[in-house]
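K.L.:
Input structure: query-v8.txt, which contains compact mmCIF, C-alpha atoms.
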```txt
# COMPACT_ATOMS: atom_id res chain seq x y z
CA MET S 20 45.06 9.57 -0.41
CA ASN S 21 43.91 8.20 2.90
CA ARG S 22 40.20 8.07 3.54
CA ARG S 23 40.52 7.42 7.24
CA SER S 24 42.04 9.00 10.28
CA LEU S 25 45.63 8.05 11.06
CA THR S 26 44.59 5.69 13.87
CA SER S 27 42.17 3.82 11.65
CA TRP S 28 44.68 3.77 8.78
CA THR S 29 47.44 2.17 10.83
CA SER S 30 45.08 -0.47 12.16
CA ARG S 31 44.43 -1.64 8.58
CA ARG S 32 48.07 -1.97 7.53
CA SER S 33 47.71 -5.37 5.87
CA ARG S 34 44.88 -4.28 3.59
CA ARG S 35 45.78 -0.76 2.50
CA GLY S 36 47.74 0.05 -0.64
CA ARG S 37 49.08 3.27 0.90
CA VAL S 38 50.79 1.33 3.65
CA ARG S 39 52.11 -1.27 1.26
CA CYS S 40 53.73 1.45 -0.84
CA ALA S 41 55.31 3.23 2.09
CA ALA S 42 56.51 -0.02 3.62
CA ALA S 43 57.85 -1.24 0.30
CA ALA S 44 59.81 1.95 -0.14
CA ALA S 45 61.39 1.52 3.27
CA VAL S 46 62.21 -2.14 2.56
CA ALA S 47 63.75 -1.28 -0.80
CA VAL S 48 65.88 1.43 0.75
CA CYS S 49 67.01 -0.67 3.71
CA ALA S 50 67.41 -4.03 2.01
CA LEU S 51 69.19 -3.14 -1.22
CA ALA S 52 72.65 -1.67 -1.47
CA ALA S 53 72.66 2.12 -1.72
CA THR S 54 74.57 3.76 -4.54
CA ALA S 55 75.14 7.50 -4.44
CA VAL S 56 74.58 9.09 -7.85
CA ALA S 57 75.72 12.52 -8.93
CA PRO S 58 72.77 14.86 -9.59
CA HIS S 59 71.81 15.89 -13.07
CA ALA S 60 72.77 19.47 -13.77
CA ALA S 61 69.85 21.90 -13.84
CA ALA S 62 71.44 24.37 -16.22
CA SER S 63 69.21 23.68 -19.20
CA ALA S 64 65.54 24.57 -18.80
CA PRO S 65 62.91 22.06 -19.93
CA PRO S 66 61.11 22.85 -23.20
CA ALA S 67 58.12 25.17 -23.08
CA ALA S 68 54.78 23.45 -22.76
CA SER S 69 51.61 24.14 -24.66
CA ARG S 70 49.38 26.72 -22.99
CA ALA S 71 48.14 25.23 -19.74
CA ALA S 72 44.95 26.06 -17.93
CA GLU S 73 45.34 29.42 -16.23
CA LEU S 74 46.10 29.38 -12.54
CA PRO S 75 47.12 32.04 -10.05
CA GLU S 76 50.86 32.70 -9.84
CA HIS S 77 50.81 30.66 -6.63
CA ALA S 78 48.05 28.14 -6.06
CA LEU S 79 46.65 26.10 -3.19
CA VAL S 80 45.33 22.65 -4.10
CA GLY S 81 43.06 20.64 -1.85
CA TYR S 82 41.13 17.38 -1.99
CA LEU S 83 37.48 17.51 -1.00
CA HIS S 84 35.90 14.38 0.47
CA ALA S 85 32.95 14.50 -1.87
CA SER S 86 32.01 10.82 -2.08
CA PHE S 87 32.77 9.57 1.45
CA ALA S 88 33.26 10.55 5.08
CA ASN S 89 36.25 9.61 7.23
CA GLY S 90 35.92 11.39 10.53
CA SER S 91 36.98 14.85 9.43
CA GLY S 92 33.45 16.05 8.78
CA TYR S 93 31.58 16.68 5.55
CA THR S 94 32.16 19.99 3.76
CA ARG S 95 29.77 21.10 1.05
CA LEU S 96 31.49 22.32 -2.09
CA ALA S 97 29.86 25.73 -1.71
CA ASP S 98 31.44 26.02 1.74
CA VAL S 99 35.03 25.38 0.64
CA PRO S 100 37.01 28.49 1.72
CA ASP S 101 38.19 30.86 -1.01
CA SER S 102 41.84 30.08 -0.25
CA TRP S 103 41.64 26.87 -2.29
CA ASP S 104 42.39 27.47 -5.99
CA ILE S 105 42.08 23.88 -7.23
CA ILE S 106 39.51 21.61 -5.63
CA ASP S 107 39.92 17.90 -6.37
CA LEU S 108 36.73 15.90 -5.89
CA ALA S 109 37.68 12.67 -4.14
CA PHE S 110 37.14 10.21 -5.66
CA GLY S 111 36.05 8.69 -8.93
CA GLU S 112 36.55 4.94 -8.63
CA PRO S 113 36.31 2.00 -11.07
CA THR S 114 33.58 -0.64 -11.10
CA SER S 115 36.42 -3.18 -11.06
CA VAL S 116 40.21 -2.93 -11.11
CA THR S 117 40.54 -3.61 -14.85
CA SER S 118 37.22 -2.32 -16.22
CA GLY S 119 38.32 1.27 -16.82
CA ASP S 120 34.73 2.23 -15.98
CA ILE S 121 34.98 5.16 -13.56
CA ARG S 122 32.00 6.19 -11.46
CA PHE S 123 31.46 9.17 -9.17
CA SER S 124 28.58 9.94 -6.85
CA LEU S 125 28.06 12.25 -3.92
CA CYS S 126 28.41 10.90 -0.40
CA PRO S 127 25.22 9.11 0.78
CA PRO S 128 23.22 11.20 3.30
CA VAL S 129 23.43 8.43 5.88
CA GLU S 130 27.22 8.71 5.78
CA CYS S 131 27.40 12.47 5.25
CA PRO S 132 24.57 14.36 6.95
CA GLY S 133 24.08 17.70 5.26
CA VAL S 134 25.27 16.54 1.84
CA GLU S 135 23.95 18.77 -0.92
CA SER S 136 21.66 17.67 -3.75
CA GLU S 137 22.99 17.03 -7.23
CA ALA S 138 21.52 20.33 -8.40
CA GLU S 139 23.12 22.22 -5.52
CA PHE S 140 26.44 20.53 -6.18
CA LYS S 141 26.40 21.47 -9.86
CA ALA S 142 25.50 25.04 -8.97
CA ALA S 143 28.42 25.12 -6.54
CA VAL S 144 30.79 23.96 -9.28
CA LYS S 145 29.71 26.87 -11.46
CA ALA S 146 29.99 29.33 -8.58
CA LYS S 147 33.53 28.21 -7.81
CA GLN S 148 34.50 28.52 -11.47
CA GLN S 149 33.01 32.01 -11.64
CA ALA S 150 35.20 32.87 -8.65
CA GLY S 151 38.27 31.75 -10.62
CA LYS S 152 38.66 28.29 -9.07
CA LYS S 153 39.26 24.97 -10.81
CA VAL S 154 37.17 21.94 -9.88
CA LEU S 155 38.55 18.56 -10.96
CA ILE S 156 37.54 14.94 -10.60
CA SER S 157 40.29 12.95 -8.91
CA ILE S 158 40.51 9.32 -10.00
CA GLY S 159 41.81 6.54 -7.77
CA GLY S 160 42.82 7.23 -4.20
CA GLN S 161 43.60 4.63 -1.60
CA ASN S 162 40.76 2.28 -2.53
CA GLY S 163 40.30 2.98 -6.26
CA GLN S 164 42.78 0.68 -7.99
CA VAL S 165 42.77 1.33 -11.77
CA ARG S 166 44.65 -0.89 -14.21
CA LEU S 167 44.03 -0.20 -17.90
CA THR S 168 45.27 -3.55 -19.14
CA THR S 169 43.50 -3.51 -22.52
CA PRO S 170 42.56 -1.04 -25.27
CA GLN S 171 38.92 -1.62 -24.33
CA ALA S 172 39.60 -0.57 -20.73
CA ARG S 173 41.43 2.50 -22.04
CA ASP S 174 38.50 3.53 -24.20
CA THR S 175 36.02 2.88 -21.39
CA PHE S 176 38.15 5.04 -19.09
CA VAL S 177 38.05 7.92 -21.57
CA ALA S 178 34.29 7.62 -22.08
CA SER S 179 33.41 7.31 -18.39
CA VAL S 180 35.73 10.10 -17.23
CA SER S 181 34.37 12.34 -19.98
CA SER S 182 30.85 11.60 -18.79
CA ILE S 183 31.72 12.69 -15.23
CA ILE S 184 33.42 15.86 -16.46
CA ASP S 185 30.49 16.73 -18.71
CA THR S 186 27.81 15.88 -16.13
CA TYR S 187 29.24 18.22 -13.51
CA GLY S 188 30.87 20.76 -15.84
CA LEU S 189 34.35 20.17 -14.41
CA ASP S 190 37.65 21.77 -15.43
CA GLY S 191 39.70 18.62 -15.73
CA LEU S 192 41.19 15.56 -14.14
CA ASP S 193 43.54 14.59 -11.32
CA ILE S 194 45.29 11.21 -11.44
CA ASP S 195 45.81 9.78 -7.96
CA PHE S 196 46.68 6.18 -8.81
CA GLU S 197 48.04 4.35 -5.76
CA GLY S 198 48.61 0.83 -4.52
CA HIS S 199 49.01 -1.55 -7.47
CA SER S 200 47.42 0.63 -10.16
CA LEU S 201 50.76 1.27 -11.89
CA SER S 202 53.59 -1.22 -12.18
CA LEU S 203 56.19 -2.04 -14.82
CA ASP S 204 56.43 -5.37 -16.59
CA GLU S 205 59.70 -7.23 -16.22
CA GLY S 206 62.25 -5.97 -18.74
CA ASP S 207 60.53 -2.59 -19.20
CA THR S 208 63.51 -0.44 -18.19
CA ASP S 209 63.30 2.65 -20.43
CA PHE S 210 61.01 5.30 -18.95
CA GLU S 211 61.11 7.30 -22.20
CA ASN S 212 59.77 4.35 -24.22
CA PRO S 213 57.49 2.33 -21.93
CA ALA S 214 56.06 -1.00 -23.12
CA THR S 215 53.88 -2.03 -20.17
CA PRO S 216 50.18 -1.98 -21.21
CA VAL S 217 48.85 -0.26 -18.06
CA ILE S 218 51.37 2.54 -18.59
CA VAL S 219 50.93 2.85 -22.36
CA HIS S 220 47.12 2.82 -22.16
CA LEU S 221 47.03 5.43 -19.38
CA ILE S 222 49.25 7.77 -21.39
CA SER S 223 47.04 7.28 -24.43
CA ALA S 224 43.85 7.87 -22.43
CA LEU S 225 45.13 11.10 -20.89
CA ARG S 226 46.30 12.40 -24.26
CA THR S 227 42.87 11.66 -25.72
CA LEU S 228 41.16 13.55 -22.91
CA LYS S 229 43.51 16.50 -23.32
CA GLU S 230 42.84 16.60 -27.06
CA ARG S 231 39.08 16.30 -26.51
CA TYR S 232 38.85 19.27 -24.13
CA GLY S 233 41.66 21.45 -25.47
CA ASP S 234 44.33 23.64 -23.94
CA ASP S 235 42.16 24.80 -21.05
CA PHE S 236 41.87 21.23 -19.73
CA THR S 237 43.50 21.04 -16.29
CA LEU S 238 45.55 17.87 -15.80
CA THR S 239 47.19 17.19 -12.46
CA MET S 240 48.82 14.17 -10.82
CA ALA S 241 49.37 13.20 -7.19
CA PRO S 242 51.75 10.23 -7.07
CA GLU S 243 53.46 8.97 -3.95
CA THR S 244 57.25 9.30 -3.59
CA PHE S 245 57.52 5.55 -4.19
CA PHE S 246 56.35 6.05 -7.78
CA VAL S 247 58.51 9.09 -8.56
CA GLN S 248 61.57 9.99 -6.47
CA LEU S 249 62.33 6.38 -5.55
CA GLY S 250 62.92 5.91 -9.29
CA HIS S 251 66.23 7.72 -8.81
CA GLN S 252 67.47 4.57 -7.08
CA TYR S 253 65.22 1.77 -8.34
CA TYR S 254 63.12 1.49 -11.49
CA GLY S 255 60.65 -1.33 -11.87
CA SER S 256 61.84 -4.87 -11.15
CA GLY S 257 65.36 -3.86 -12.17
CA PRO S 258 67.82 -5.33 -14.67
CA TRP S 259 68.00 -8.62 -12.78
CA GLY S 260 64.46 -8.75 -11.42
CA GLY S 261 63.50 -8.97 -7.78
CA GLN S 262 62.71 -5.30 -7.11
CA ASP S 263 59.20 -3.98 -6.55
CA PRO S 264 57.84 -3.41 -10.10
CA ARG S 265 55.97 -0.31 -8.93
CA ALA S 266 59.14 1.63 -8.09
CA GLY S 267 59.28 4.76 -10.26
CA ALA S 268 56.26 3.61 -12.29
CA TYR S 269 54.81 7.14 -12.63
CA LEU S 270 57.94 8.44 -14.36
CA PRO S 271 57.01 7.34 -17.90
CA VAL S 272 53.52 8.84 -17.48
CA ILE S 273 54.84 12.18 -16.22
CA HIS S 274 57.52 12.27 -18.89
CA ALA S 275 55.16 11.49 -21.76
CA LEU S 276 52.67 14.13 -20.65
CA ARG S 277 55.03 16.83 -19.38
CA ASP S 278 53.93 19.25 -22.12
CA ASP S 279 50.27 18.71 -21.19
CA LEU S 280 50.67 18.50 -17.43
CA THR S 281 49.27 21.46 -15.52
CA LEU S 282 50.54 20.48 -12.12
CA LEU S 283 52.42 17.67 -10.36
CA HIS S 284 52.05 17.51 -6.59
CA VAL S 285 53.83 14.46 -5.23
CA GLN S 286 52.58 13.24 -1.87
CA ASP S 287 55.49 14.04 0.46
CA TYR S 288 53.90 11.93 3.20
CA ASN S 289 53.26 8.32 4.16
CA SER S 290 56.69 7.73 2.65
CA GLY S 291 59.72 5.65 3.47
CA PRO S 292 63.23 7.13 3.35
CA ILE S 293 64.21 8.38 -0.11
CA LEU S 294 67.71 8.80 -1.55
CA GLY S 295 68.22 12.43 -2.56
CA LEU S 296 70.51 14.02 -5.11
CA ASP S 297 73.07 14.52 -2.36
CA GLY S 298 73.51 10.77 -1.94
CA GLU S 299 71.85 10.88 1.48
CA TYR S 300 68.55 9.40 2.64
CA HIS S 301 65.82 11.84 3.61
CA THR S 302 62.92 11.10 5.91
CA MET S 303 59.62 12.80 6.65
CA GLY S 304 59.03 15.19 9.49
CA GLY S 305 60.63 18.51 8.58
CA ALA S 306 61.33 21.06 5.89
CA ASP S 307 64.40 19.14 4.68
CA PHE S 308 62.34 16.29 3.24
CA HIS S 309 60.15 18.64 1.21
CA VAL S 310 63.19 20.55 -0.06
CA ALA S 311 65.03 17.38 -1.11
CA MET S 312 61.99 15.80 -2.80
CA THR S 313 61.03 19.00 -4.65
CA ASP S 314 64.60 19.68 -5.73
CA MET S 315 64.59 16.33 -7.53
CA LEU S 316 61.61 17.40 -9.62
CA LEU S 317 63.05 20.84 -10.43
CA THR S 318 66.62 19.65 -11.08
CA GLY S 319 66.03 16.29 -12.75
CA PHE S 320 67.69 13.02 -11.84
CA PRO S 321 69.22 9.87 -13.32
CA VAL S 322 66.72 7.02 -13.26
CA ALA S 323 67.96 3.92 -11.42
CA GLY S 324 71.33 5.66 -11.15
CA ASP S 325 71.92 5.53 -14.92
CA PRO S 326 73.49 8.82 -16.12
CA ASP S 327 72.30 8.04 -19.66
CA LYS S 328 68.64 7.86 -18.57
CA VAL S 329 67.78 11.21 -17.00
CA PHE S 330 64.31 12.31 -15.96
CA SER S 331 64.43 15.97 -16.98
CA ALA S 332 63.38 18.82 -14.73
CA LEU S 333 59.83 20.06 -14.72
CA ARG S 334 59.07 23.76 -14.91
CA PRO S 335 58.58 25.29 -11.43
CA GLU S 336 55.07 26.47 -12.27
CA GLN S 337 54.20 22.79 -12.86
CA VAL S 338 55.18 21.77 -9.34
CA ALA S 339 53.47 22.02 -5.96
CA ILE S 340 54.43 20.35 -2.68
CA GLY S 341 51.99 17.80 -1.28
CA MET S 342 51.52 17.75 2.50
CA PRO S 343 49.03 16.48 5.10
CA ALA S 344 46.93 19.36 6.39
CA THR S 345 46.87 18.01 9.95
CA PRO S 346 48.57 15.26 11.97
CA GLN S 347 45.40 13.17 11.58
CA ALA S 348 45.55 13.40 7.79
CA GLY S 349 48.69 11.30 7.33
CA ASN S 350 52.24 10.55 8.42
CA GLY S 351 54.69 13.33 7.69
CA HIS S 352 52.73 16.37 8.83
CA VAL S 353 54.91 19.40 9.58
CA PRO S 354 53.92 22.57 11.47
CA PRO S 355 53.54 25.93 9.69
CA ALA S 356 57.07 27.05 10.56
CA GLU S 357 58.52 24.05 8.71
CA VAL S 358 56.24 24.67 5.72
CA GLU S 359 57.55 28.24 5.53
CA LYS S 360 61.17 27.09 5.89
CA ALA S 361 60.74 24.73 2.94
CA LEU S 362 59.21 27.49 0.82
CA ASP S 363 61.92 29.98 1.83
CA CYS S 364 64.65 27.55 0.84
CA LEU S 365 63.11 26.59 -2.51
CA THR S 366 61.89 30.03 -3.62
CA LYS S 367 64.46 32.36 -1.98
CA GLY S 368 67.49 30.22 -1.19
CA SER S 369 67.21 31.14 2.49
CA ALA S 370 66.49 29.14 5.66
CA CYS S 371 67.87 25.97 4.06
CA GLY S 372 68.79 23.14 6.40
CA PRO S 373 71.07 20.15 5.80
CA TYR S 374 70.01 19.82 2.17
CA THR S 375 71.08 22.51 -0.30
CA PRO S 376 68.92 22.60 -3.45
CA HIS S 377 70.40 23.06 -6.90
CA GLY S 378 68.66 26.37 -7.54
CA THR S 379 65.94 28.73 -6.37
CA TRP S 380 62.52 28.74 -7.97
CA PRO S 381 60.32 31.74 -7.07
CA ALA S 382 57.79 30.49 -9.63
CA LEU S 383 57.15 27.29 -7.66
CA ARG S 384 53.40 26.96 -8.01
CA GLY S 385 52.44 26.31 -4.41
CA LEU S 386 51.09 23.66 -2.05
CA MET S 387 48.72 20.71 -2.14
CA ALA S 388 46.99 19.35 0.96
CA TRP S 389 45.21 16.21 1.91
CA SER S 390 42.70 17.60 2.49
CA VAL S 391 40.22 20.50 2.59
CA ASN S 392 38.17 18.54 5.10
CA TRP S 393 41.08 17.79 7.40
CA ASP S 394 42.24 21.41 7.23
CA ARG S 395 38.81 22.63 8.30
CA TYR S 396 38.86 20.03 11.06
CA GLY S 397 42.19 21.53 12.18
CA GLY S 398 40.99 25.13 12.15
CA ASP S 399 42.09 26.00 8.58
CA GLU S 400 45.74 26.26 9.65
CA PHE S 401 47.20 24.93 6.41
CA ALA S 402 45.27 27.35 4.18
CA ALA S 403 46.13 30.20 6.55
CA THR S 404 49.83 29.33 6.24
CA PHE S 405 49.60 29.45 2.46
CA ASP S 406 47.70 32.75 2.48
CA ARG S 407 50.13 34.31 4.91
CA TYR S 408 53.18 33.22 2.96
CA PHE S 409 52.04 34.13 -0.55
CA GLY S 410 49.89 37.05 0.48
```
Step by step, read the file and then write its structure as structure tokens.
P.N.:
Amino acid sequence: MNRRSLTSWTSRRSRRGRVRCAAAAAVAVCALAATAVAPHAAASAPPAASRAAELPEHALVGYLHASFANGSGYTRLADVPDSWDIIDLAFGEPTSVTSGDIRFSLCPPVECPGVESEAEFKAAVKAKQQAGKKVLISIGGQNGQVRLTTPQARDTFVASVSSIIDTYGLDGLDIDFEGHSLSLDEGDTDFENPATPVIVHLISALRTLKERYGDDFTLTMAPETFFVQLGHQYYGSGPWGGQDPRAGAYLPVIHALRDDLTLLHVQDYNSGPILGLDGEYHTMGGADFHVAMTDMLLTGFPVAGDPDKVFSALRPEQVAIGMPATPQAGNGHVPPAEVEKALDCLTKGSACGPYTPHGTWPALRGLMAWSVNWDRYGGDEFAATFDRYFG
């Protein structure tokens, strides 16, 4: 997730992981030969998961700039509008890339005038929960690179994340690993049986946290398209090496935890062109991109074009669509009419554009936005669109 306004973000292209990912996706798509792959049939439903944390039938997820300011204005947790069902506190970040030691603190008053006290913040968490909302700590973001390279880092991650959850009485955890946090070692080509330490240790850490807190633990993930849908075309460094080892690197994590995963909301923004199940490239800027990217998650797809290695469909109630709340929040913003067209196509089979999805999913969970702050800056238009559509 981008901490800064779009203008500031683009001026820091050489130093920002978000830009590297988006640019790398575009390079991979343009530089390597494209191979159209037939989509995986969506006839068989994925296995039932263990009881997930309860959510509304349709949910709105938003990130709250709790530890920093970036021009969109500070919003106290108590002032987050009731439209938001899951509030992700951005961000918990590591003391170093490989330490696994995650820390979270409220935005300093000098940076965020009006920031609440620790006691007020904790009281706001409880009030939101009493109103039926979920409050999670989101780990990573644009600046928080996390690489669990050793068992010690894994164990430190579990202990430090647990401490944050317990200190603030939170409902769970959101994984927003970006940049170079996840990558696949050369030769690690089977997403169902990963061997790369940073992947294996993250899976183990998340399973431990889920077991520690039980079925009501809310676990969400917010990968970029580079780490998920791009895996349909490229996975890791590839059979001959030379590809970006981060391509598709979230797939083994999502697959291993699909029975424990409450919600996946891929960031359908700041993305390069992505090859869809129709053998065509899809770009940001309209409903079609969101339909094509979401269809891949709900239909399943061959990984790296291999029909024998299929990433199976997720359940629709596990999936939300990630969007920028305003044009300032990130590349790929679409106006409310395009948001509604995407939802109509995916949930009703109507208003579809060039891309025809492989089914209709009225149980699609909802929308995710970067961010609550940017939406308030933009007059709460994104939340209003959600409320109007789902009633």
K.L.:
What is the distance, in Å and to one decimal place, between atom CA of Gly90 of chain S and atom CA of Ala150 of chain S?
P.N.:
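Atom CA of Gly90 of chain S sits 28.8 Å away from atom CA of Ala150 of chain S.
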K.L.:
Near Thr114 of chain S, within 12 Å and counting only C-alpha atoms, which residues show up once chain neighbours fewer than 2 positions away are dropped, as a list in words?
P.N.:
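Here the answer would be Gly111, Glu112, Val116, Thr117, Ser118, Gly119, Asp120, Ile121, Arg122, Phe123, Gly159, Asn162, Gly163, Gln164, Val165, Arg166, Ala172, Thr175, Phe176 and Ser179 of chain S.
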K.L.:
Would you mind exporting C-alpha atoms of the selected residues as a PDB file, in the frame of the given file?
P.N.:
```pdb
ATOM      1  CA  GLY S 111      36.050   8.690  -8.930  1.00  0.00           C
ATOM      2  CA  GLU S 112      36.550   4.940  -8.630  1.00  0.00           C
ATOM      3  CA  VAL S 116      40.210  -2.930 -11.110  1.00  0.00           C
ATOM      4  CA  THR S 117      40.540  -3.610 -14.850  1.00  0.00           C
ATOM      5  CA  SER S 118      37.220  -2.320 -16.220  1.00  0.00           C
ATOM      6  CA  GLY S 119      38.320   1.270 -16.820  1.00  0.00           C
ATOM      7  CA  ASP S 120      34.730   2.230 -15.980  1.00  0.00           C
ATOM      8  CA  ILE S 121      34.980   5.160 -13.560  1.00  0.00           C
ATOM      9  CA  ARG S 122      32.000   6.190 -11.460  1.00  0.00           C
ATOM     10  CA  PHE S 123      31.460   9.170  -9.170  1.00  0.00           C
ATOM     11  CA  GLY S 159      41.810   6.540  -7.770  1.00  0.00           C
ATOM     12  CA  ASN S 162      40.760   2.280  -2.530  1.00  0.00           C
ATOM     13  CA  GLY S 163      40.300   2.980  -6.260  1.00  0.00           C
ATOM     14  CA  GLN S 164      42.780   0.680  -7.990  1.00  0.00           C
ATOM     15  CA  VAL S 165      42.770   1.330 -11.770  1.00  0.00           C
ATOM     16  CA  ARG S 166      44.650  -0.890 -14.210  1.00  0.00           C
ATOM     17  CA  ALA S 172      39.600  -0.570 -20.730  1.00  0.00           C
ATOM     18  CA  THR S 175      36.020   2.880 -21.390  1.00  0.00           C
ATOM     19  CA  PHE S 176      38.150   5.040 -19.090  1.00  0.00           C
ATOM     20  CA  SER S 179      33.410   7.310 -18.390  1.00  0.00           C
TER      21      SER S 179
END
```
K.L.:
Find the spatial neighbours of Gly188 of chain S, counting only C-alpha atoms, within a cut-off of 9 Å - ignore same-chain residues fewer than 4 positions away - and output them as a PyMOL selection string.
P.N.:
chain S and resi 141+144-145+154+183-184
K.L.:
Quote the spacing between atom CA of Met387 of chain S and atom CA of Val285 of chain S in Å to one decimal place.
P.N.:
8.6 Å
K.L.:
Restricting the calculation to only C-alpha atoms: of S:Thr313, S:Ser331, S:Thr404, S:Gln286, which residue gets closest to Pro343 of chain S?
P.N.:
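Using only C-alpha atoms, the shortest distance to Pro343 of chain S belongs to S:Gln286.
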K.L.:
From the set S:Arg407, S:His301, S:His84, S:Arg173, which residue has the shortest atom-to-atom contact distance to Leu228 of chain S, counting all atoms listed in the file?
P.N.:
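Residue with the minimum atom-to-atom distance to Leu228 of chain S: S:Arg173.
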K.L.:
Hey, can you check how far atom CA of Val247 of chain S sits from atom CA of Met315 of chain S?
P.N.:
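Between these atoms lies a distance of 9.5 Å.
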K.L.:
Out of S:Gly233, S:Gly267, S:Gly160, S:Gly324, which residue has the shortest atom-to-atom distance to Leu201 of chain S when counting only C-alpha atoms?
P.N.:
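The closest residue to Leu201 of chain S is S:Gly267.
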K.L.:
List the neighbours of segment 393-402 of chain S out to 8 Å using all atoms listed in the file; skip same-chain residues closer than 2 positions along the sequence, and give me the result as a list in words.
P.N.:
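The contact residues come out as Leu79, Ser91, Gly92, Ser102, Trp103, Ala344, Thr345, Gln347, Ala348, Pro355, Ala388, Trp389, Ser390, Val391, Thr404, Phe405 and Asp406 of chain S.
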K.L.:
Could the residues in this selection be saved with C-alpha atoms as a short mmCIF file (atom, residue, chain, number, x, y, z; two decimals), in the coordinates of the input?
P.N.:
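The new file out_36.cif reads:
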```cif
data_model
loop_
_atom_site.label_atom_id
_atom_site.label_comp_id
_atom_site.auth_asym_id
_atom_site.auth_seq_id
_atom_site.Cartn_x
_atom_site.Cartn_y
_atom_site.Cartn_z
CA LEU S 79 46.65 26.10 -3.19
CA SER S 91 36.98 14.85 9.43
CA GLY S 92 33.45 16.05 8.78
CA SER S 102 41.84 30.08 -0.25
CA TRP S 103 41.64 26.87 -2.29
CA ALA S 344 46.93 19.36 6.39
CA THR S 345 46.87 18.01 9.95
CA GLN S 347 45.40 13.17 11.58
CA ALA S 348 45.55 13.40 7.79
CA PRO S 355 53.54 25.93 9.69
CA ALA S 388 46.99 19.35 0.96
CA TRP S 389 45.21 16.21 1.91
CA SER S 390 42.70 17.60 2.49
CA VAL S 391 40.22 20.50 2.59
CA THR S 404 49.83 29.33 6.24
CA PHE S 405 49.60 29.45 2.46
CA ASP S 406 47.70 32.75 2.48
#
```
K.L.:
Taking 4 positions as the minimum chain separation for residues in the same chain, which residues sit within 8 Å of Leu294 of chain S when counting all atoms listed in the file? Answer as a compact mmCIF listing (two decimals) with C-alpha atoms, keeping the file's coordinate frame.
P.N.:
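Saved the output as out-v3.txt:
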```
# COMPACT_ATOMS: atom_id res chain seq x y z
CA VAL S 48 65.88 1.43 0.75
CA GLN S 248 61.57 9.99 -6.47
CA LEU S 249 62.33 6.38 -5.55
CA HIS S 251 66.23 7.72 -8.81
CA GLN S 252 67.47 4.57 -7.08
CA GLY S 298 73.51 10.77 -1.94
CA GLU S 299 71.85 10.88 1.48
CA TYR S 300 68.55 9.40 2.64
CA HIS S 301 65.82 11.84 3.61
```
K.L.:
For Leu283 of chain S, which residue among S:Pro258, S:Pro264, S:Pro213, S:Pro335 is the nearest when counting only C-alpha atoms?
P.N.:
S:Pro335
K.L.:
So, counting all atoms listed in the file, which residue among S:Tyr269, S:Phe87, S:Phe409, S:Tyr187 is closest to Phe330 of chain S?
P.N.:
S:Tyr269
K.L.:
Identify which of the residues S:Thr237, S:Asn289, S:Thr379, S:Thr94 lies closest to Leu317 of chain S, counting only C-alpha atoms when measuring atom-to-atom distances.
P.N.:
S:Thr379
K.L.:
Taking (68.4, 2.5, -10.2) in the coordinates of the supplied file, I want to know which residues reach to within 9 Å of it, counting all atoms listed in the file; could you give the answer as a PyMOL selection string?
P.N.:
chain S and resi 54+249-255+257+321-325
K.L.:
Could the residues in this selection be saved with C-alpha atoms as a JSON list (two decimals), in the frame of the given file?
P.N.:
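File produced: selection38.json:
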```json
[["chain", "number", "residue", "atom", "x", "y", "z"],
["S", 54, "THR", "CA", 74.57, 3.76, -4.54],
["S", 249, "LEU", "CA", 62.33, 6.38, -5.55],
["S", 250, "GLY", "CA", 62.92, 5.91, -9.29],
["S", 251, "HIS", "CA", 66.23, 7.72, -8.81],
["S", 252, "GLN", "CA", 67.47, 4.57, -7.08],
["S", 253, "TYR", "CA", 65.22, 1.77, -8.34],
["S", 254, "TYR", "CA", 63.12, 1.49, -11.49],
["S", 255, "GLY", "CA", 60.65, -1.33, -11.87],
["S", 257, "GLY", "CA", 65.36, -3.86, -12.17],
["S", 321, "PRO", "CA", 69.22, 9.87, -13.32],
["S", 322, "VAL", "CA", 66.72, 7.02, -13.26],
["S", 323, "ALA", "CA", 67.96, 3.92, -11.42],
["S", 324, "GLY", "CA", 71.33, 5.66, -11.15],
["S", 325, "ASP", "CA", 71.92, 5.53, -14.92]]
```
K.L.:
Which residues, written as a PyMOL selection string, have at least one atom at most 12 Å from Asp185 of chain S, with only C-alpha atoms counted and residues fewer than 5 positions away on the same chain left out?
P.N.:
chain S and resi 141+144+155-156+177-180+190-192+228+231-232
K.L.:
Generate a file of the selected residues that holds C-alpha atoms, formatted as an mmCIF file, keeping the file's coordinate frame.
P.N.:
```cif
data_model
loop_
_atom_site.group_PDB
_atom_site.id
_atom_site.type_symbol
_atom_site.label_atom_id
_atom_site.label_comp_id
_atom_site.auth_asym_id
_atom_site.auth_seq_id
_atom_site.Cartn_x
_atom_site.Cartn_y
_atom_site.Cartn_z
ATOM 1 C CA LYS S 141 26.400 21.470 -9.860
ATOM 2 C CA VAL S 144 30.790 23.960 -9.280
ATOM 3 C CA LEU S 155 38.550 18.560 -10.960
ATOM 4 C CA ILE S 156 37.540 14.940 -10.600
ATOM 5 C CA VAL S 177 38.050 7.920 -21.570
ATOM 6 C CA ALA S 178 34.290 7.620 -22.080
ATOM 7 C CA SER S 179 33.410 7.310 -18.390
ATOM 8 C CA VAL S 180 35.730 10.100 -17.230
ATOM 9 C CA ASP S 190 37.650 21.770 -15.430
ATOM 10 C CA GLY S 191 39.700 18.620 -15.730
ATOM 11 C CA LEU S 192 41.190 15.560 -14.140
ATOM 12 C CA LEU S 228 41.160 13.550 -22.910
ATOM 13 C CA ARG S 231 39.080 16.300 -26.510
ATOM 14 C CA TYR S 232 38.850 19.270 -24.130
#
```
